[in-house]
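Student: One structure coming up, written as structure tokens, with questions to follow.
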Amino acid sequence: MAPPNTEKLQSELTHRQSSSAIKFERDYLPPNFTIKELRQTIPPHCFERDTLKSFGYTIKDLAIVGALAYAATFIDSHLPLALRYIAWPTYWFFCGAFATGIWVIAHECGHQAFSPSKKINNTVGFILHSALLVPYHSWRISHSKHHKHTGHVNKDQVFVPKTRSLLGLPLKDVDTPQMNHSVLEDTPFITLINLIGQQLLGWPLYLIFNCSGQVYDGRWANHFNPNSPIFDPKNFTDIIISDIGIIIGLSAIFYFSYIYSFITVVKYYLIPYFIVNHWLVLITYLQHTDPKLPHYRENQWNFVRGAVCTVDRHIGFLDSIFHRITSTHVAHHLFSTMPHYHAEEATIHIKKVLGHYYIFDDTPIFEALWRSFASCKFIEDEGDIIFYKN
């Protein structure tokens, strides 16, 4: 028996997958629920914000990070060299994970979900985010715009899909649709390098250069300049306050580097900091980037359609450490002032109404990351409801 022609089989599989995706796009009907219909399905207590309960989660996370840092002080002085190579990565992993949980709590403060008090929300959020080198108010403002325009091709603020023309790709050939899904195929090695760069540097590049954000006619958009096109004139003071928080955070890094050495700061703070950045980018990227998710232009977009244009995922035991921001993100986008400790219950009720419009993906998280990064490259320049292509 002759051996199978693997190239031909792969070509046929790609063609079938592409044809199936195109049929799905053509047949897709957007949801027409109202926010009132969805809210009515959720028990009223899910919208109640408990300041003491929120502080309880905050204190717990801070205490765990503090205990981990204290335990780490014994690694070099009490452990043999071989065990240090296990102990330090263990510290980095768990410190980064619980610090990500602290990031999520500060994120809730930005949504005014931590407490009924705006002053408490902004004070706690500013302190926690500044400690993680996040410009609290600057991010709060741009993130609010993201929530108000999620899934809108021209108004969303992060992970905005690039169009075929923006990438300089050839025009779509309607006679050979399978080619439209492979024009940006990279070798796995190049894809891996780009993916690692995104995971390690994506967050600071977004803050400084607005990478993956909305395009503003060639103007430099960033989260530190109060005159950035991201912001309105009324935001000027808040941006300056955010910058002061970053200056204080950086000053603390320089101070402790001087007192204890830069290597010490790297081991205790900077490596967990980059792990936080990694989880932040991975979580938000996969929430809004998936071959199954539509994007909308003005004629078809509305708030509910954009809000359900996200994916819920479980991430194992980390889901609890991250305060279930990965598994209840649809509920969060529909009702962003709902505290995280009620979102799981709300999700149960929302799923019943949304039906097949509720998207949950249980693909292993890094497999899903690779799939989305390799598959979601661009969208077409025309059409009011569009899906990613590669």
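Ligands are numbered from 1 in the order shown, chains are lettered A, B, ... in the order of the structure tokens, and residues start at 1 in each chain.
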Quick one: everything within 8 Å of segment 244-254 of chain A, counting only C-alpha atoms, minus sequence neighbours fewer than 2 positions away in the same chain. Send it as a list in words.
Tutor: Phe126, Ile127, Ser130, Ala131, Leu132, Leu133, Val134, Pro135, Ile240, Ile241, Ser242, Phe256, Ser257, Tyr258 and Val265 of chain A
Student: Pull N, CA and C atoms from the residues just selected and write them as a short mmCIF file (atom, residue, chain, number, x, y, z; two decimals), in the first residue's frame.
Tutor:
```cif
data_model
loop_
_atom_site.label_atom_id
_atom_site.label_comp_id
_atom_site.auth_asym_id
_atom_site.auth_seq_id
_atom_site.Cartn_x
_atom_site.Cartn_y
_atom_site.Cartn_z
N PHE A 126 -5.47 52.56 43.80
CA PHE A 126 -4.25 53.33 43.51
C PHE A 126 -3.05 52.73 44.23
N ILE A 127 -3.21 52.35 45.49
CA ILE A 127 -2.09 51.80 46.25
C ILE A 127 -1.66 50.45 45.68
N SER A 130 -0.25 50.83 42.00
CA SER A 130 1.04 51.52 41.98
C SER A 130 2.15 50.59 42.45
N ALA A 131 1.84 49.73 43.42
CA ALA A 131 2.83 48.77 43.91
C ALA A 131 3.21 47.76 42.83
N LEU A 132 2.31 47.56 41.86
CA LEU A 132 2.57 46.66 40.73
C LEU A 132 2.95 47.43 39.47
N LEU A 133 3.32 48.71 39.63
CA LEU A 133 3.75 49.58 38.53
C LEU A 133 2.68 49.74 37.46
N VAL A 134 1.44 49.84 37.91
CA VAL A 134 0.31 50.10 37.00
C VAL A 134 -0.19 51.51 37.26
N PRO A 135 -0.30 52.36 36.23
CA PRO A 135 -0.86 53.70 36.42
C PRO A 135 -2.37 53.59 36.63
N ILE A 240 -1.83 62.58 36.04
CA ILE A 240 -0.67 63.04 36.80
C ILE A 240 -0.54 62.27 38.11
N ILE A 241 -1.67 62.06 38.80
CA ILE A 241 -1.66 61.29 40.05
C ILE A 241 -1.15 59.86 39.79
N SER A 242 -1.62 59.26 38.69
CA SER A 242 -1.15 57.92 38.33
C SER A 242 0.35 57.89 38.10
N PHE A 256 15.55 50.01 47.32
CA PHE A 256 15.87 48.67 47.80
C PHE A 256 17.03 48.05 47.03
N SER A 257 17.19 48.45 45.77
CA SER A 257 18.36 47.98 45.02
C SER A 257 19.64 48.54 45.63
N TYR A 258 19.57 49.77 46.09
CA TYR A 258 20.73 50.41 46.72
C TYR A 258 21.03 49.78 48.09
N VAL A 265 16.51 42.54 44.51
CA VAL A 265 15.24 43.08 44.03
C VAL A 265 14.71 42.25 42.85
#
```
Student: Leaving out segment 296-303 of chain A and any residue of its chain fewer than 5 positions from it, which residues lie within 8 Å of it when counting only C-alpha atoms, given as a PyMOL selection string?
Tutor: chain A and resi 148-154+383-386
Student: With all heavy atoms retained, could you export that selection as a PDB file, in the first residue's frame?
Tutor:
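Resulting contents of out-v9.pdb:
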```pdb
ATOM      1  N   LYS A 148     -16.959  49.711  27.574  1.00  0.00           N
ATOM      2  CA  LYS A 148     -18.082  50.368  26.898  1.00  0.00           C
ATOM      3  C   LYS A 148     -18.138  50.039  25.415  1.00  0.00           C
ATOM      4  O   LYS A 148     -19.188  50.209  24.781  1.00  0.00           O
ATOM      5  CB  LYS A 148     -17.981  51.889  27.087  1.00  0.00           C
ATOM      6  CG  LYS A 148     -18.223  52.343  28.515  1.00  0.00           C
ATOM      7  CD  LYS A 148     -17.997  53.834  28.663  1.00  0.00           C
ATOM      8  CE  LYS A 148     -18.212  54.283  30.110  1.00  0.00           C
ATOM      9  NZ  LYS A 148     -17.895  55.720  30.303  1.00  0.00           N
ATOM     10  N   HIS A 149     -17.020  49.569  24.841  1.00  0.00           N
ATOM     11  CA  HIS A 149     -16.975  49.318  23.393  1.00  0.00           C
ATOM     12  C   HIS A 149     -16.326  47.977  23.060  1.00  0.00           C
ATOM     13  O   HIS A 149     -15.721  47.832  21.997  1.00  0.00           O
ATOM     14  CB  HIS A 149     -16.206  50.448  22.693  1.00  0.00           C
ATOM     15  CG  HIS A 149     -16.809  51.803  22.896  1.00  0.00           C
ATOM     16  ND1 HIS A 149     -16.277  52.729  23.777  1.00  0.00           N
ATOM     17  CD2 HIS A 149     -17.906  52.379  22.352  1.00  0.00           C
ATOM     18  CE1 HIS A 149     -17.010  53.823  23.749  1.00  0.00           C
ATOM     19  NE2 HIS A 149     -18.003  53.648  22.904  1.00  0.00           N
ATOM     20  N   THR A 150     -16.458  46.999  23.941  1.00  0.00           N
ATOM     21  CA  THR A 150     -15.855  45.689  23.688  1.00  0.00           C
ATOM     22  C   THR A 150     -16.350  45.118  22.369  1.00  0.00           C
ATOM     23  O   THR A 150     -17.553  45.138  22.077  1.00  0.00           O
ATOM     24  CB  THR A 150     -16.204  44.710  24.814  1.00  0.00           C
ATOM     25  OG1 THR A 150     -15.796  45.274  26.056  1.00  0.00           O
ATOM     26  CG2 THR A 150     -15.502  43.372  24.603  1.00  0.00           C
ATOM     27  N   GLY A 151     -15.421  44.599  21.574  1.00  0.00           N
ATOM     28  CA  GLY A 151     -15.790  43.972  20.316  1.00  0.00           C
ATOM     29  C   GLY A 151     -16.043  44.932  19.176  1.00  0.00           C
ATOM     30  O   GLY A 151     -16.319  44.494  18.052  1.00  0.00           O
ATOM     31  N   HIS A 152     -15.940  46.234  19.423  1.00  0.00           N
ATOM     32  CA  HIS A 152     -16.140  47.252  18.377  1.00  0.00           C
ATOM     33  C   HIS A 152     -14.803  47.479  17.672  1.00  0.00           C
ATOM     34  O   HIS A 152     -13.825  47.867  18.295  1.00  0.00           O
ATOM     35  CB  HIS A 152     -16.647  48.548  18.994  1.00  0.00           C
ATOM     36  CG  HIS A 152     -17.189  49.531  18.003  1.00  0.00           C
ATOM     37  ND1 HIS A 152     -16.437  50.039  16.960  1.00  0.00           N
ATOM     38  CD2 HIS A 152     -18.418  50.105  17.890  1.00  0.00           C
ATOM     39  CE1 HIS A 152     -17.176  50.892  16.261  1.00  0.00           C
ATOM     40  NE2 HIS A 152     -18.384  50.941  16.797  1.00  0.00           N
ATOM     41  N   VAL A 153     -14.774  47.246  16.384  1.00  0.00           N
ATOM     42  CA  VAL A 153     -13.520  47.300  15.635  1.00  0.00           C
ATOM     43  C   VAL A 153     -12.846  48.662  15.744  1.00  0.00           C
ATOM     44  O   VAL A 153     -11.618  48.755  15.825  1.00  0.00           O
ATOM     45  CB  VAL A 153     -13.765  46.934  14.152  1.00  0.00           C
ATOM     46  CG1 VAL A 153     -12.505  47.162  13.320  1.00  0.00           C
ATOM     47  CG2 VAL A 153     -14.215  45.479  14.041  1.00  0.00           C
ATOM     48  N   ASN A 154     -13.630  49.731  15.785  1.00  0.00           N
ATOM     49  CA  ASN A 154     -13.062  51.075  15.731  1.00  0.00           C
ATOM     50  C   ASN A 154     -13.044  51.811  17.068  1.00  0.00           C
ATOM     51  O   ASN A 154     -12.529  52.926  17.139  1.00  0.00           O
ATOM     52  CB  ASN A 154     -13.826  51.928  14.712  1.00  0.00           C
ATOM     53  CG  ASN A 154     -13.828  51.302  13.336  1.00  0.00           C
ATOM     54  OD1 ASN A 154     -14.868  50.896  12.830  1.00  0.00           O
ATOM     55  ND2 ASN A 154     -12.655  51.190  12.736  1.00  0.00           N
ATOM     56  N   GLY A 383     -17.398  44.280   5.816  1.00  0.00           N
ATOM     57  CA  GLY A 383     -18.301  43.447   6.619  1.00  0.00           C
ATOM     58  C   GLY A 383     -18.574  44.083   7.967  1.00  0.00           C
ATOM     59  O   GLY A 383     -17.709  44.733   8.555  1.00  0.00           O
ATOM     60  N   ASP A 384     -19.787  43.890   8.469  1.00  0.00           N
ATOM     61  CA  ASP A 384     -20.172  44.452   9.760  1.00  0.00           C
ATOM     62  C   ASP A 384     -20.010  43.465  10.892  1.00  0.00           C
ATOM     63  O   ASP A 384     -19.933  43.847  12.062  1.00  0.00           O
ATOM     64  CB  ASP A 384     -21.621  44.938   9.701  1.00  0.00           C
ATOM     65  CG  ASP A 384     -21.805  46.147   8.804  1.00  0.00           C
ATOM     66  OD1 ASP A 384     -20.881  46.976   8.752  1.00  0.00           O
ATOM     67  OD2 ASP A 384     -22.837  46.244   8.137  1.00  0.00           O
ATOM     68  N   ILE A 385     -19.995  42.156  10.563  1.00  0.00           N
ATOM     69  CA  ILE A 385     -19.723  41.116  11.558  1.00  0.00           C
ATOM     70  C   ILE A 385     -18.566  40.299  11.012  1.00  0.00           C
ATOM     71  O   ILE A 385     -18.701  39.644   9.969  1.00  0.00           O
ATOM     72  CB  ILE A 385     -20.951  40.216  11.788  1.00  0.00           C
ATOM     73  CG1 ILE A 385     -22.172  41.061  12.198  1.00  0.00           C
ATOM     74  CG2 ILE A 385     -20.654  39.176  12.874  1.00  0.00           C
ATOM     75  CD1 ILE A 385     -23.447  40.257  12.326  1.00  0.00           C
ATOM     76  N   ILE A 386     -17.443  40.351  11.660  1.00  0.00           N
ATOM     77  CA  ILE A 386     -16.246  39.697  11.098  1.00  0.00           C
ATOM     78  C   ILE A 386     -15.575  38.826  12.135  1.00  0.00           C
ATOM     79  O   ILE A 386     -15.697  39.045  13.334  1.00  0.00           O
ATOM     80  CB  ILE A 386     -15.238  40.731  10.530  1.00  0.00           C
ATOM     81  CG1 ILE A 386     -14.865  41.777  11.540  1.00  0.00           C
ATOM     82  CG2 ILE A 386     -15.645  41.287   9.208  1.00  0.00           C
ATOM     83  CD1 ILE A 386     -15.679  43.010  11.588  1.00  0.00           C
TER      84      ILE A 386
END
```
Student: Give me the residues near Leu201 of chain A as a PDB file with all heavy atoms, in the first residue's frame, where near means some atom within 10 Å (using only C-alpha atoms) and where sequence neighbours in that chain fewer than 6 positions away do not count.
Tutor:
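Output below, filename result_9.pdb:
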```
ATOM      1  N   LEU A 195       5.302  34.866  20.514  1.00  0.00           N
ATOM      2  CA  LEU A 195       4.403  34.613  21.631  1.00  0.00           C
ATOM      3  C   LEU A 195       5.084  34.895  22.964  1.00  0.00           C
ATOM      4  O   LEU A 195       4.494  35.523  23.858  1.00  0.00           O
ATOM      5  CB  LEU A 195       3.914  33.165  21.580  1.00  0.00           C
ATOM      6  CG  LEU A 195       2.925  32.712  22.660  1.00  0.00           C
ATOM      7  CD1 LEU A 195       1.698  33.603  22.653  1.00  0.00           C
ATOM      8  CD2 LEU A 195       2.541  31.255  22.444  1.00  0.00           C
ATOM      9  N   PHE A 274       7.181  40.203  36.431  1.00  0.00           N
ATOM     10  CA  PHE A 274       7.028  39.765  35.044  1.00  0.00           C
ATOM     11  C   PHE A 274       6.084  38.570  34.931  1.00  0.00           C
ATOM     12  O   PHE A 274       5.415  38.398  33.904  1.00  0.00           O
ATOM     13  CB  PHE A 274       8.390  39.434  34.437  1.00  0.00           C
ATOM     14  CG  PHE A 274       9.133  40.649  33.949  1.00  0.00           C
ATOM     15  CD1 PHE A 274      10.209  41.153  34.664  1.00  0.00           C
ATOM     16  CD2 PHE A 274       8.742  41.296  32.788  1.00  0.00           C
ATOM     17  CE1 PHE A 274      10.884  42.287  34.222  1.00  0.00           C
ATOM     18  CE2 PHE A 274       9.409  42.422  32.340  1.00  0.00           C
ATOM     19  CZ  PHE A 274      10.488  42.923  33.058  1.00  0.00           C
ATOM     20  N   ASN A 277       2.759  40.117  34.813  1.00  0.00           N
ATOM     21  CA  ASN A 277       2.532  40.621  33.456  1.00  0.00           C
ATOM     22  C   ASN A 277       2.128  39.496  32.513  1.00  0.00           C
ATOM     23  O   ASN A 277       1.237  39.656  31.662  1.00  0.00           O
ATOM     24  CB  ASN A 277       3.797  41.302  32.928  1.00  0.00           C
ATOM     25  CG  ASN A 277       4.082  42.615  33.614  1.00  0.00           C
ATOM     26  OD1 ASN A 277       3.286  43.084  34.429  1.00  0.00           O
ATOM     27  ND2 ASN A 277       5.212  43.213  33.304  1.00  0.00           N
ATOM     28  N   HIS A 278       2.812  38.360  32.645  1.00  0.00           N
ATOM     29  CA  HIS A 278       2.494  37.214  31.797  1.00  0.00           C
ATOM     30  C   HIS A 278       1.050  36.765  31.994  1.00  0.00           C
ATOM     31  O   HIS A 278       0.299  36.594  31.029  1.00  0.00           O
ATOM     32  CB  HIS A 278       3.446  36.066  32.108  1.00  0.00           C
ATOM     33  CG  HIS A 278       2.869  34.708  31.876  1.00  0.00           C
ATOM     34  ND1 HIS A 278       2.543  34.248  30.610  1.00  0.00           N
ATOM     35  CD2 HIS A 278       2.531  33.704  32.745  1.00  0.00           C
ATOM     36  CE1 HIS A 278       2.037  33.023  30.711  1.00  0.00           C
ATOM     37  NE2 HIS A 278       2.021  32.680  31.983  1.00  0.00           N
ATOM     38  N   VAL A 281      -1.492  39.349  30.583  1.00  0.00           N
ATOM     39  CA  VAL A 281      -1.614  39.337  29.129  1.00  0.00           C
ATOM     40  C   VAL A 281      -2.291  38.057  28.658  1.00  0.00           C
ATOM     41  O   VAL A 281      -3.185  38.094  27.799  1.00  0.00           O
ATOM     42  CB  VAL A 281      -0.225  39.496  28.466  1.00  0.00           C
ATOM     43  CG1 VAL A 281      -0.326  39.307  26.957  1.00  0.00           C
ATOM     44  CG2 VAL A 281       0.366  40.863  28.790  1.00  0.00           C
TER      45      VAL A 281
END
```
Student: Residues at most 12 Å from Asn227 of chain A, counting only C-alpha atoms, excluding those fewer than 6 positions away in the same chain, as an NGL selection string?
Tutor: :A and (138 or 219-221 or 233-240)
Student: Quick one: residues within 12 Å of Ser54 of chain A, only C-alpha atoms, excluding same-chain residues fewer than 4 positions away - as a list in words?
Tutor: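 Once the nearby chain positions are removed, what remains is Glu48, Arg49, Asp50, Thr58, Ile59, Lys60, Asp61, Ile102, Val104, Ile105, Ala106, Glu108, Cys109, Gln112, Ala113, Phe114, Ser115, Pro116, Ile120, Asn121, Val124, Gly125, His323, Met338, Pro339, His340, Tyr341 and His342 of chain A.
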Student: Could you give me, as a list in words, the residues within 8 Å of segment 81-91 of chain A, counting only C-alpha atoms and dropping anything in the same chain fewer than 2 positions from it?
Tutor: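 Selected residues are Leu68, Ala69, Ala72, Ile75, Asp76, Leu79, Phe93, Phe94, Cys95 and Lys267 of chain A.
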Student: Tell me which protein, DNA and RNA residues are within 8 Å of Gly96 of chain A, counting only C-alpha atoms, leaving out same-chain ones fewer than 6 positions away, and put them as a short mmCIF file (atom, residue, chain, number, x, y, z; two decimals) with N, CA and C atoms, in the first residue's frame.
Tutor:
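Contents of the output file out35.cif:
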```
data_model
loop_
_atom_site.label_atom_id
_atom_site.label_comp_id
_atom_site.auth_asym_id
_atom_site.auth_seq_id
_atom_site.Cartn_x
_atom_site.Cartn_y
_atom_site.Cartn_z
N ILE A 271 11.11 39.40 39.12
CA ILE A 271 10.68 38.17 38.45
C ILE A 271 9.19 37.90 38.72
N PRO A 272 8.70 37.99 39.96
CA PRO A 272 7.24 37.87 40.15
C PRO A 272 6.46 38.94 39.38
N TYR A 273 7.04 40.14 39.27
CA TYR A 273 6.37 41.20 38.50
C TYR A 273 6.16 40.78 37.05
N PHE A 274 7.18 40.20 36.43
CA PHE A 274 7.03 39.77 35.04
C PHE A 274 6.08 38.57 34.93
N ILE A 275 6.01 37.77 35.97
CA ILE A 275 5.03 36.68 35.97
C ILE A 275 3.61 37.24 36.04
N VAL A 276 3.42 38.27 36.83
CA VAL A 276 2.12 38.96 36.86
C VAL A 276 1.78 39.48 35.46
#
```
Student: Out of segment 106-260 of chain A, which residues get alpha helix (DSSP H) from DSSP, as a count of residues only?
Tutor: 79
Student: Ranking A:Leu207, A:Leu171, A:Ala97, A:Ile230 by minimum distance to Lys155 of chain A and counting only C-alpha atoms, which one comes first?
Tutor: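 Nearest to Lys155 of chain A: A:Ile230.
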Student: Check the smallest atom-to-atom distance from each of A:His223, A:Arg39, A:Arg371, A:Lys162 to Thr347 of chain A using only C-alpha atoms, then report the winner.
Tutor: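 Closest residue, counting only C-alpha atoms: A:Arg39.
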Student: Between A:Asp232, A:Glu345, A:Asp156, A:Asp243, which has the minimum distance to Ala307 of chain A (counting only C-alpha atoms)?
Tutor: A:Asp156
Student: Let's see if you can do this: from backbone DSSP, list all strand (DSSP E or B) residues in segment 191-326 of chain A, as a PDB file with N, CA and C atoms, in the first residue's frame.
Tutor:
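File produced: states06.pdb:
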```pdb
ATOM      1  N   PRO A 294     -16.875  36.854  17.349  1.00  0.00           N
ATOM      2  CA  PRO A 294     -17.064  37.868  16.311  1.00  0.00           C
ATOM      3  C   PRO A 294     -16.558  39.228  16.778  1.00  0.00           C
ATOM      4  N   HIS A 295     -16.276  40.094  15.825  1.00  0.00           N
ATOM      5  CA  HIS A 295     -16.087  41.520  16.078  1.00  0.00           C
ATOM      6  C   HIS A 295     -17.098  42.270  15.220  1.00  0.00           C
ATOM      7  N   TYR A 296     -17.444  43.470  15.675  1.00  0.00           N
ATOM      8  CA  TYR A 296     -18.519  44.204  15.021  1.00  0.00           C
ATOM      9  C   TYR A 296     -18.057  45.585  14.576  1.00  0.00           C
ATOM     10  N   ASP A 312     -15.191  32.488  28.550  1.00  0.00           N
ATOM     11  CA  ASP A 312     -14.893  32.021  29.903  1.00  0.00           C
ATOM     12  C   ASP A 312     -14.030  30.766  29.812  1.00  0.00           C
ATOM     13  N   ILE A 315      -8.863  27.679  34.646  1.00  0.00           N
ATOM     14  CA  ILE A 315      -7.407  27.629  34.612  1.00  0.00           C
ATOM     15  C   ILE A 315      -6.895  26.835  35.815  1.00  0.00           C
ATOM     16  N   PHE A 317      -6.445  25.301  39.556  1.00  0.00           N
ATOM     17  CA  PHE A 317      -6.464  25.904  40.892  1.00  0.00           C
ATOM     18  C   PHE A 317      -6.148  27.397  40.859  1.00  0.00           C
TER      19      PHE A 317
END
```
Student: Measuring atom to atom with only C-alpha atoms, identify which of A:His143, A:His137, A:His129, A:Arg305 is nearest to Ala99 of chain A.
Tutor: A:His129
Student: Give the answer as one residue: which of A:Leu192, A:Val158, A:Ile141, A:Leu38 has the shortest atom-to-atom distance to Phe366 of chain A, using only C-alpha atoms?
Tutor: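 The answer is A:Leu192, which sits nearest to Phe366 of chain A.
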